[in-house]
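Asker: Structure incoming, see below.
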Protein chains: 2
Amino acid sequence: MTTFDSLWSDILDVGQHPATRGYRRYAWSDADLTLREWFTGCATSRGMDVEEDRNGNIWAWWMPPGWIGDPRDAFVTGSHLDSVPDGGAFDGPLGVVSAFAAVDLLRERGVVPSIPVAVVAFSDEEGARFGVACVGSQLTTGALDADRARGLRDIDGISLAEAMTRAGRRPEDLGVDERLQERVGVYVELHVEQGRGLDLVDRPIAVASSIWPHGRWEFTFRGEANHAGATRLVDRHDPMLAFASSVHSARSCAASHGAVATFGKVLVSPNGANAIPSEIRAWLDARAADEATLTALVDQIGRQATAHAAVDGIGLEIEAESITPIVEFPEAPRARVQRALAELGDIPVLPTQAGHDAGILSAVLPTAMLFVRNPTGVSHSPEEYAEMDDCHRGAQALATVMTDWVTR
Amino acid sequence: MTTFDSLWSDILDVGQHPATRGYRRYAWSDADLTLREWFTGCATSRGMDVEEDRNGNIWAWWMPPGWIGDPRDAFVTGSHLDSVPDGGAFDGPLGVVSAFAAVDLLRERGVVPSIPVAVVAFSDEEGARFGVACVGSQLTTGALDADRARGLRDIDGISLAEAMTRAGRRPEDLGVDERLQERVGVYVELHVEQGRGLDLVDRPIAVASSIWPHGRWEFTFRGEANHAGATRLVDRHDPMLAFASSVHSARSCAASHGAVATFGKVLVSPNGANAIPSEIRAWLDARAADEATLTALVDQIGRQATAHAAVDGIGLEIEAESITPIVEFPEAPRARVQRALAELGDIPVLPTQAGHDAGILSAVLPTAMLFVRNPTGVSHSPEEYAEMDDCHRGAQALATVMTDWVTR
């Protein structure tokens, strides 16, 4: 697997923070642009045509010999290249590197595709910069409105439209890709597992059954800034207390629903050591096995937070930033993947609590996912890890699936 | 009071954030440098000699006619020009503006001083940027070690030494001002009140009795970053929970000690909506009427936070960033101020929970403070406010005190 290894090592230092060792590959940042150039280089060195669509997703095409006209019913595989703040090396890039490595494996074996093949890197999957996840795939399928996307702002107040313009792109072009369903026959995304499901059963590869419904809600607690020394406790409207209570509400409500809920992002204003905060913005990430449970969970957390805020005379606004319904991956492509990989025995079928572009695309076309074992289950962290042997197995499996699909 | 009004309006827009309307006048920032230029302009237009001492404190001297040699036993008044994040217009600048306005009033009245007079602006009183308050006055009196000061770092990792160098200053010169006690006979600082003491008794001006002992402690909660969706609740080491519990511990411990304690500054890493935090740094500001109570309070909060952290397998480090002992303002200068202001009736004598340069200086020379009524008690906030009539009364009172002191 020398191809995999060299592709992998090419990008290991891109966007890596020297102190945390975590990756900061935010949409349309310098690191993202460097990865896009790397993607283009990988494609052109393989004689694949590169196309960046209206939403910033990049496609590298391997067309069957003698194919005339636009791609149709292609086998598409890939993932994304952006990261969460201080994320790991695998979440996203593993799928893109494995896709190029699989193409190389087919060529080494002399496989000639009878249908178009594409490697894709979807834009801004994590939503780390502009707050909405899967921006590229959501725009392309119409799940995200182009005007809303253009107006999303990062922490410095820069809009997505401005960030794209600075990167030399045309935000006015954002919108649904009408060609998508005709061009893509199936999308198979390979991804590092983000839990310990495979580790617990001691297997290297799984296929996905479903993605839990999930979403992000922004909680804004509004109090009154004041002097931390000179303001009596009884005179305070300190939003930190209601926020702190809400952190515990989220945990206990999630536990009672068999779900997960997390406040992982918090912005305090003015954030001075000797000032009572005026405002706290905190993002709730919540996920559950089904949509009714998710709704009940978030409603309950919201009611409890509202009660906490009322105690201290704090204003509270709760805004749904994004809500992704449950994704049940379709039976037919999953069964075909499993049949193609029969040599590996019964492939475990696992749900995932993490969102993916494959989940977004599944609303409009056939999709499937492969997971590669994560021995610690840690993800969205510099500690995220997979054994190189398992990564090689993943790329081999993807090549096997690709061969099955493109030679019929 | 046209002099006061024009001085006041000169700087009203310096460092004011257009959205929050709060002031961001951090030490050695562009806003701070603009205010220093304004101070120099005020002094030179009044024929006062300007001197920036080795610690960045700026002094404007009004010498008696025929005075030869260095200043000695001067009447010094002033305050500071920097702010907390999104602070108000009054905390600091009111004392400097009132000092220049008082000089003008004496001159209008033909008062000729028999001892030197100085207006001073102490550097970096709030400690908003480098985490330690009263840096200028602490260095000058020897309360803060020069090496430690030089190594203090702001949120971007820039050291105080680097910030001073960029501002064209010489951080290698920082240190005790050996001339201070000989040169300064008394320091009288006028300041907006930061509570409602004067409002509650319906009076415009007070003198200070004492400053509560107070300090800042940095709490670092260390957990394990992980995926907010894919990590089971039982597998988490989320430092947000222990932090949230500690917020409530701080409030309830403060209440039981008749003190105040606040977590107003919080930094979450990596601060991604779909990532369990790896680390939370939170600053505790705590103040109490006496030092034994303060120590007991912070010990209790620390013990409770440690217990909260243990529950979730979270590491906790607590570091004292600065601790300021109680300041009891000396009887003699306070009595003299009260006598000089006898025309205003019995002046209320109030303690304050806020730290001030006058408190630092009181360790080595006679000091007193005047407070100007704050009708809402709000401070360290864009809503901080004082009536202009009261500000004029403050400057008049300062001029009366100055006249009494410099004409004997």
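For the structure tokens, the naming scheme is as follows: chains receive sequential letters (A, B, ...) according to their order of presentation, residues are indexed from 1 within each chain, and ligands are indexed from 1 in presentation order.
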Counting only C-alpha atoms, which residues from chain B have an atom at most 6 Å from any atom of chain A, and could you show them as a PyMOL selection string?
Answerer: chain B and resi 85-86+194-195+225-227+229-230+244+264-265+270-273+275-277+283+353-354+378-381
Asker: Generate the output file for the selected residues, C-alpha atoms, as a PDB file, in the first residue's frame.
Answerer:
ATOM      1  CA  PRO B  85     -13.150  44.273  27.815  1.00  0.00           C
ATOM      2  CA  ASP B  86     -16.261  46.233  26.844  1.00  0.00           C
ATOM      3  CA  GLN B 194     -18.596  50.924  41.376  1.00  0.00           C
ATOM      4  CA  GLY B 195     -21.505  50.168  43.649  1.00  0.00           C
ATOM      5  CA  ALA B 225     -11.552  15.865  23.635  1.00  0.00           C
ATOM      6  CA  ASN B 226     -13.851  13.522  21.787  1.00  0.00           C
ATOM      7  CA  HIS B 227     -16.739  13.394  19.331  1.00  0.00           C
ATOM      8  CA  GLY B 229     -22.079  12.446  18.966  1.00  0.00           C
ATOM      9  CA  ALA B 230     -20.200   9.183  18.961  1.00  0.00           C
ATOM     10  CA  ALA B 244     -20.373  24.117  35.716  1.00  0.00           C
ATOM     11  CA  GLY B 264     -16.342  35.868  34.390  1.00  0.00           C
ATOM     12  CA  LYS B 265     -13.640  34.727  31.985  1.00  0.00           C
ATOM     13  CA  PRO B 270     -11.093  23.302  21.210  1.00  0.00           C
ATOM     14  CA  ASN B 271     -14.457  25.106  21.410  1.00  0.00           C
ATOM     15  CA  GLY B 272     -16.144  23.189  18.613  1.00  0.00           C
ATOM     16  CA  ALA B 273     -19.898  22.604  18.688  1.00  0.00           C
ATOM     17  CA  ALA B 275     -16.450  18.235  20.154  1.00  0.00           C
ATOM     18  CA  ILE B 276     -16.343  17.402  23.846  1.00  0.00           C
ATOM     19  CA  PRO B 277     -13.869  19.957  25.272  1.00  0.00           C
ATOM     20  CA  TRP B 283     -10.720  32.636  36.146  1.00  0.00           C
ATOM     21  CA  GLN B 353     -14.620  45.984  46.613  1.00  0.00           C
ATOM     22  CA  ALA B 354     -12.662  47.143  43.571  1.00  0.00           C
ATOM     23  CA  VAL B 378     -23.102  49.299  37.183  1.00  0.00           C
ATOM     24  CA  SER B 379     -19.418  49.231  36.280  1.00  0.00           C
ATOM     25  CA  HIS B 380     -17.156  47.235  33.959  1.00  0.00           C
ATOM     26  CA  SER B 381     -19.959  47.451  31.437  1.00  0.00           C
TER      27      SER B 381
END
Asker: Could you pull the residues within 10 Å of Phe371 in chain A, counting only C-alpha atoms, minus those fewer than 2 positions along the same chain, as a list of chain:residue names?
Answerer: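 Skipping anything fewer than 2 positions along the chain leaves A:Gly95, A:Glu189, A:Leu190, A:His191, A:Val192, A:Glu193, A:Gln194, A:Gly197, A:Leu198, A:Pro204, A:Ile205, A:Ala206, A:Val207, A:Ala208, A:Pro348, A:Val349, A:Leu350, A:Thr352, A:Met369, A:Arg373, A:Asn374, A:Cys391, A:Gly394.
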Asker: Any chance you can output those residues with C-alpha atoms as a PDB file, in the first residue's frame?
Answerer:
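To be explicit, this is the file written out as out-v7.pdb:
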ATOM      1  CA  GLY A  95     -11.930   8.663   2.923  1.00  0.00           C
ATOM      2  CA  GLU A 189     -18.034   7.063   1.733  1.00  0.00           C
ATOM      3  CA  LEU A 190     -15.243   5.459   3.731  1.00  0.00           C
ATOM      4  CA  HIS A 191     -14.722   6.995   7.188  1.00  0.00           C
ATOM      5  CA  VAL A 192     -12.871   6.269  10.393  1.00  0.00           C
ATOM      6  CA  GLU A 193     -15.316   4.979  12.986  1.00  0.00           C
ATOM      7  CA  GLN A 194     -16.028   7.539  15.705  1.00  0.00           C
ATOM      8  CA  GLY A 197     -18.137  -0.532  17.805  1.00  0.00           C
ATOM      9  CA  LEU A 198     -15.531  -2.329  15.670  1.00  0.00           C
ATOM     10  CA  PRO A 204     -11.449  -3.916  10.980  1.00  0.00           C
ATOM     11  CA  ILE A 205     -14.317  -2.871   8.665  1.00  0.00           C
ATOM     12  CA  ALA A 206     -18.062  -2.201   9.026  1.00  0.00           C
ATOM     13  CA  VAL A 207     -20.881  -0.923   6.873  1.00  0.00           C
ATOM     14  CA  ALA A 208     -23.260   1.754   8.145  1.00  0.00           C
ATOM     15  CA  PRO A 348     -20.634  -5.760  11.006  1.00  0.00           C
ATOM     16  CA  VAL A 349     -23.469  -3.332  10.372  1.00  0.00           C
ATOM     17  CA  LEU A 350     -23.268  -0.335  12.734  1.00  0.00           C
ATOM     18  CA  THR A 352     -23.318   6.070  13.799  1.00  0.00           C
ATOM     19  CA  MET A 369     -20.652   3.915   4.105  1.00  0.00           C
ATOM     20  CA  ARG A 373     -11.816   0.499  13.118  1.00  0.00           C
ATOM     21  CA  ASN A 374     -10.909   3.162  15.691  1.00  0.00           C
ATOM     22  CA  CYS A 391      -6.393   1.870   6.945  1.00  0.00           C
ATOM     23  CA  GLY A 394     -10.094  -0.054   4.324  1.00  0.00           C
TER      24      GLY A 394
END
Asker: Which residues in range 154-214 of chain B does DSSP call strand (DSSP E)? List them as a PyMOL selection string.
Answerer: chain B and resi 184-192+205-211+214
Asker: Which residues are close to Thr77 in chain B, i.e. within 9 Å by only C-alpha atoms, leaving aside same-chain residues fewer than 2 positions away? Reply as a PyMOL selection string.
Answerer: chain B and resi 75+79+95-96+98-99+117-121+186-190+398+402
Asker: What is the CA of Leu106 in chain A-CA of Ala399 in chain A distance in Å, reported with one decimal?
Answerer: 6.5 Å
Asker: Which of these, B:Leu152, B:Leu370, B:Val112, B:Ala101, has the shortest distance to Gln396 in chain B once you count only C-alpha atoms?
Answerer: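 The answer is B:Ala101, which sits nearest to Gln396 in chain B.
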Asker: What gap, in Å, lies between CA of Val401 in chain B and CA of Ser210 in chain B?
Answerer: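 Going from CA of Val401 in chain B over to CA of Ser210 in chain B covers 19.5 Å.
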Asker: Mind pulling up the distance from CA of Ser29 in chain A to CA of Asn55 in chain A?
Answerer: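 Those two atoms sit 15.6 Å apart.
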Asker: Calculated over only C-alpha atoms, which of the candidates A:Val406, A:Leu160, A:Ala31, A:Ala289 has the smallest distance to Ile326 in chain A?
Answerer: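 Result for the nearest residue to Ile326 in chain A: A:Ala289.
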Asker: Please extract the residues of range 159-373 of chain A with a backbone DSSP assignment of helix (DSSP H, G or I) and present them as a ChimeraX atom specification.
Answerer: /A:160-166,171-173,180-183,197-201,233-235,239-257,291-311,331-340,342-344,357-361
Asker: Name the residues in contact with range 65-71 of chain B at a cut-off of 9 Å, using only C-alpha atoms, excluding same-chain residues fewer than 5 positions from it; report them as a PyMOL selection string.
Answerer: chain B and resi 112-117+182-184
Asker: I need the residues from that last selection saved to file as an mmCIF file, in the first residue's frame (with all heavy atoms), if you can.
Answerer:
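Saved as selection-v2.cif:
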data_model
loop_
_atom_site.group_PDB
_atom_site.id
_atom_site.type_symbol
_atom_site.label_atom_id
_atom_site.label_comp_id
_atom_site.auth_asym_id
_atom_site.auth_seq_id
_atom_site.Cartn_x
_atom_site.Cartn_y
_atom_site.Cartn_z
ATOM 1 N N VAL B 112 -1.683 79.750 42.930
ATOM 2 C CA VAL B 112 -0.295 79.437 42.585
ATOM 3 C C VAL B 112 0.209 78.387 43.574
ATOM 4 O O VAL B 112 0.238 78.635 44.780
ATOM 5 C CB VAL B 112 0.585 80.711 42.667
ATOM 6 C CG1 VAL B 112 2.041 80.354 42.380
ATOM 7 C CG2 VAL B 112 0.071 81.761 41.710
ATOM 8 N N PRO B 113 0.575 77.215 43.107
ATOM 9 C CA PRO B 113 0.964 76.170 44.050
ATOM 10 C C PRO B 113 2.321 76.451 44.691
ATOM 11 O O PRO B 113 3.223 76.960 44.026
ATOM 12 C CB PRO B 113 1.026 74.917 43.177
ATOM 13 C CG PRO B 113 1.316 75.418 41.815
ATOM 14 C CD PRO B 113 0.660 76.766 41.703
ATOM 15 N N SER B 114 2.412 76.091 45.942
ATOM 16 C CA SER B 114 3.699 76.227 46.631
ATOM 17 C C SER B 114 4.478 74.909 46.627
ATOM 18 O O SER B 114 5.624 74.867 47.042
ATOM 19 C CB SER B 114 3.472 76.683 48.076
ATOM 20 O OG SER B 114 2.744 75.676 48.772
ATOM 21 N N ILE B 115 3.826 73.848 46.196
ATOM 22 C CA ILE B 115 4.510 72.549 46.032
ATOM 23 C C ILE B 115 4.175 72.014 44.636
ATOM 24 O O ILE B 115 3.185 72.446 44.030
ATOM 25 C CB ILE B 115 4.062 71.507 47.099
ATOM 26 C CG1 ILE B 115 2.539 71.269 47.008
ATOM 27 C CG2 ILE B 115 4.478 71.951 48.507
ATOM 28 C CD1 ILE B 115 2.059 70.072 47.813
ATOM 29 N N PRO B 116 4.982 71.081 44.136
ATOM 30 C CA PRO B 116 4.688 70.536 42.798
ATOM 31 C C PRO B 116 3.346 69.801 42.776
ATOM 32 O O PRO B 116 2.937 69.197 43.767
ATOM 33 C CB PRO B 116 5.842 69.566 42.542
ATOM 34 C CG PRO B 116 6.939 70.006 43.465
ATOM 35 C CD PRO B 116 6.256 70.561 44.675
ATOM 36 N N VAL B 117 2.706 69.889 41.610
ATOM 37 C CA VAL B 117 1.440 69.183 41.353
ATOM 38 C C VAL B 117 1.686 68.264 40.160
ATOM 39 O O VAL B 117 2.361 68.670 39.206
ATOM 40 C CB VAL B 117 0.318 70.185 41.015
ATOM 41 C CG1 VAL B 117 -0.949 69.445 40.587
ATOM 42 C CG2 VAL B 117 0.044 71.111 42.194
ATOM 43 N N GLU B 182 10.050 60.076 47.567
ATOM 44 C CA GLU B 182 10.562 61.435 47.757
ATOM 45 C C GLU B 182 9.739 62.425 46.937
ATOM 46 O O GLU B 182 9.442 63.537 47.410
ATOM 47 C CB GLU B 182 12.026 61.478 47.321
ATOM 48 C CG GLU B 182 12.721 62.768 47.693
ATOM 49 C CD GLU B 182 14.167 62.757 47.207
ATOM 50 O OE1 GLU B 182 14.872 61.739 47.438
ATOM 51 O OE2 GLU B 182 14.569 63.754 46.581
ATOM 52 N N ARG B 183 9.344 62.011 45.764
ATOM 53 C CA ARG B 183 8.661 62.938 44.858
ATOM 54 C C ARG B 183 7.189 63.138 45.209
ATOM 55 O O ARG B 183 6.645 64.227 45.020
ATOM 56 C CB ARG B 183 8.770 62.427 43.412
ATOM 57 C CG ARG B 183 10.135 62.721 42.834
ATOM 58 C CD ARG B 183 10.508 61.830 41.661
ATOM 59 N NE ARG B 183 9.574 61.822 40.570
ATOM 60 C CZ ARG B 183 9.906 62.122 39.299
ATOM 61 N NH1 ARG B 183 11.127 62.528 38.993
ATOM 62 N NH2 ARG B 183 9.021 62.015 38.353
ATOM 63 N N VAL B 184 6.538 62.092 45.678
ATOM 64 C CA VAL B 184 5.081 62.170 45.871
ATOM 65 C C VAL B 184 4.767 62.368 47.358
ATOM 66 O O VAL B 184 5.095 61.517 48.191
ATOM 67 C CB VAL B 184 4.384 60.900 45.359
ATOM 68 C CG1 VAL B 184 2.870 61.000 45.567
ATOM 69 C CG2 VAL B 184 4.714 60.661 43.890
#
